[in-house]
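Single-structure report; data block below.
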Amino acid sequence: MDGDGRVNAVQIRSAERALSVGTWLIVAGAMLYSILTVTPLAAVHTPDKWDWTAPILPLVVDAAVVIVVRLDAVLARLGGHGGKWPVVLRWMTGCMTLALNVADSALKNDLVGVAVHAVAPLLLIVTAETGLAYRRAITAAVAELEDKQRTEREARERAADERREAAVRRAREEREHAAMLAREQRDHEARLAREQAEREERARREEREEATAREAAEREARERVEREREQQRQERERREREAAEQRERERAELAERERREQAEREEAARREHAALLDGPPVNTKLPEEHARRIVAAAVAEGVSVRRAADLCGWSVGWVSARYAEHRTPGTGGAELAIAGR
C-alpha cells in the first residue's frame, strides 16, 4: 500500500471509531434519559403492586434501539441491506421512544417539556439514520479504496511478473549464451587437447625410439663391460688361484719345516731329558738352575716327584712346588698322589 492508501486507511478507521463511540454515547445517554423519564409515567399508569415493572417498558424499547443500531452498523460494514423490516423497526422504536418521552409533558399541556423531552429521542433517531448513512458511505469508500488498492496491487504484481519474466528471459538468454560459449570453449579445448595429445604421442614415439636405440647401445656397452669384467674376473681368479696354490705350497713347506724343527727340538729335548734323568741320585743339592731343568725334564717325562728330588738333591716339597708350577690343572691331583707315595 502506498502513502495515500495508508493515510486513507488510518482516516477511515479513525472516522469509524469516532462514529461508533459517538453513536453509542448518544444511545447510552438516550437510554438512560428515557428510563428516567418514562419510568414515572409507566408507574402512574400501572397498578401499585406492579410498580416495580415500570422500568421494563423503556428497557425493552431501548433494547430494540440497541439491536437496530448494532445490526445496522454490521450490515453497513458488510455492504448489505436488511430490507424494509429493519427500517420499520428503526422508525417504530424511534417513534415509541419519542412518544413515551413526551407523553407526560403532552398530557400536562407542557410544550416546553415536550420540546425538552423530545431532544434525546429525536437525536437518537437522527443519529441512527445519520450513522447508517455514514457507515454506508464509509463502506463504499472502503470498497473503493480496496478496489484501488487491489488495482494497484495487481498492477504491481503484473509489473513484478513482467520484471520476473524479463529477468527469467534474460537469465535464459544468458544461460543459452553461456552454454554456447561453454560449447565453443569445450570444442576449442577438445581441439587443443587432441593437438596436444598428438604432439605428446609423437614425442612419446620419438622418445620410445630414442630409448630403444639408447637401450640397445647401453646393452651392447653392458655386454662389452660384462665381457671385460668376466675376463678380468677369470684373470683375477686365475691369479688368486695361483697365489692360493703358492701360499698353500708355502704353508705346506713352512709346516714341514716347522714339523722338522719341532721334531728336532723334541729329539734334542728328549736327549737332554735323558741326559738329565739318567744320572744316579745325588747327596748334595745341585744348583737351583740345574735343579729346575731336572724338574722340568721329570715333569715332561712323567718321572715321580721323589725320583726328581733324588736326582737334583732338593727336598720333595721344593720339587712338588716346581711340579705344581709345570703341571696342568687336570693332572695336579694325580701328581700329588704320586709325590705322596
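Simple scheme: letters A, B, ... for chains in C-alpha cells order, numbers from 1 for residues in each chain, numbers from 1 for ligands in the order shown.
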Show me, as a PyMOL selection string, the residues that have an atom within 8 Å of A:Thr93 when counting only C-alpha atoms, minus same-chain residues fewer than 5 positions from it. chain A and resi 61-62+64-65
Next, the residues of the selection above should be written as a JSON list (two decimals), in the first residue's frame with C-alpha atoms.
[["chain", "number", "residue", "atom", "x", "y", "z"],
["A", 61, "VAL", "CA", -37.83, -0.13, 23.72],
["A", 62, "ASP", "CA", -34.22, 0.90, 24.22],
["A", 64, "ALA", "CA", -34.79, -2.63, 20.34],
["A", 65, "VAL", "CA", -32.93, 0.61, 19.62]]
Long-range neighbours of A:Ser34 as a count of residues only, 9 Å cut-off, only C-alpha atoms, 2 positions minimum in chain: 18
Excluding A:Ala298 and any residue of its chain fewer than 4 positions from it, enumerate the residues within 10 Å of it, using only C-alpha atoms, and give them as number ranges by chain. A: 273-274, 276-277, 292-294, 302-305, 307-309, 311, 323
Next, write the just-selected residues to a file, as a PDB file, in the first residue's frame, keeping C-alpha atoms as the atom set.
ATOM      1  CA  HIS A 273     115.953 -85.012  29.424  1.00  0.00           C
ATOM      2  CA  ALA A 274     117.570 -88.400  29.141  1.00  0.00           C
ATOM      3  CA  LEU A 276     119.462 -85.125  32.969  1.00  0.00           C
ATOM      4  CA  LEU A 277     117.391 -88.092  34.234  1.00  0.00           C
ATOM      5  CA  ARG A 292     114.922 -76.639  37.785  1.00  0.00           C
ATOM      6  CA  ARG A 293     115.993 -78.179  34.446  1.00  0.00           C
ATOM      7  CA  ILE A 294     115.937 -81.652  36.027  1.00  0.00           C
ATOM      8  CA  GLY A 302     106.406 -88.216  33.766  1.00  0.00           C
ATOM      9  CA  VAL A 303     109.006 -89.033  36.428  1.00  0.00           C
ATOM     10  CA  SER A 304     107.819 -89.095  40.034  1.00  0.00           C
ATOM     11  CA  VAL A 305     108.480 -86.262  42.425  1.00  0.00           C
ATOM     12  CA  ARG A 307     112.844 -89.522  41.733  1.00  0.00           C
ATOM     13  CA  ALA A 308     113.240 -85.932  40.645  1.00  0.00           C
ATOM     14  CA  ALA A 309     114.192 -84.998  44.245  1.00  0.00           C
ATOM     15  CA  LEU A 311     118.289 -86.562  41.028  1.00  0.00           C
ATOM     16  CA  TYR A 323     105.864 -79.692  39.734  1.00  0.00           C
TER      17      TYR A 323
END
For A:Leu124, find every residue with an atom within 12 Å (counting only C-alpha atoms), except residues of its own chain fewer than 5 positions away, and show them as a PyMOL selection string. chain A and resi 22-31+33-34+62+65-66+68-69+90-91+93-98+118-119+129-131
Output file for the selection above: C-alpha atoms, as a PDB file, in the first residue's frame:
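out26.pdb written:
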ATOM      1  CA  GLY A  22     -20.365   8.932  19.387  1.00  0.00           C
ATOM      2  CA  THR A  23     -23.295   6.742  18.403  1.00  0.00           C
ATOM      3  CA  TRP A  24     -23.034   4.563  21.474  1.00  0.00           C
ATOM      4  CA  LEU A  25     -22.629   7.577  23.735  1.00  0.00           C
ATOM      5  CA  ILE A  26     -25.822   9.066  22.282  1.00  0.00           C
ATOM      6  CA  VAL A  27     -27.600   5.697  22.564  1.00  0.00           C
ATOM      7  CA  ALA A  28     -26.459   5.219  26.165  1.00  0.00           C
ATOM      8  CA  GLY A  29     -27.470   8.786  27.100  1.00  0.00           C
ATOM      9  CA  ALA A  30     -30.814   8.478  25.363  1.00  0.00           C
ATOM     10  CA  MET A  31     -31.490   5.117  27.038  1.00  0.00           C
ATOM     11  CA  TYR A  33     -32.706   9.646  29.906  1.00  0.00           C
ATOM     12  CA  SER A  34     -35.578   7.570  28.514  1.00  0.00           C
ATOM     13  CA  ASP A  62     -34.215   0.895  24.223  1.00  0.00           C
ATOM     14  CA  VAL A  65     -32.927   0.609  19.617  1.00  0.00           C
ATOM     15  CA  VAL A  66     -29.611  -1.064  20.517  1.00  0.00           C
ATOM     16  CA  VAL A  68     -31.245  -1.723  15.376  1.00  0.00           C
ATOM     17  CA  VAL A  69     -28.125   0.406  15.775  1.00  0.00           C
ATOM     18  CA  ARG A  90     -35.872   1.601  13.441  1.00  0.00           C
ATOM     19  CA  TRP A  91     -38.651   4.156  12.910  1.00  0.00           C
ATOM     20  CA  THR A  93     -38.633   2.241  18.089  1.00  0.00           C
ATOM     21  CA  GLY A  94     -37.715   5.868  17.426  1.00  0.00           C
ATOM     22  CA  CYS A  95     -41.357   6.964  17.397  1.00  0.00           C
ATOM     23  CA  MET A  96     -42.106   4.862  20.502  1.00  0.00           C
ATOM     24  CA  THR A  97     -39.145   6.391  22.356  1.00  0.00           C
ATOM     25  CA  LEU A  98     -40.240   9.880  21.241  1.00  0.00           C
ATOM     26  CA  ALA A 118     -38.149  15.302  22.541  1.00  0.00           C
ATOM     27  CA  VAL A 119     -34.462  16.244  22.209  1.00  0.00           C
ATOM     28  CA  GLU A 129     -30.154   7.382  10.331  1.00  0.00           C
ATOM     29  CA  THR A 130     -27.052   9.537  10.011  1.00  0.00           C
ATOM     30  CA  GLY A 131     -24.788   6.803  11.386  1.00  0.00           C
TER      31      GLY A 131
END
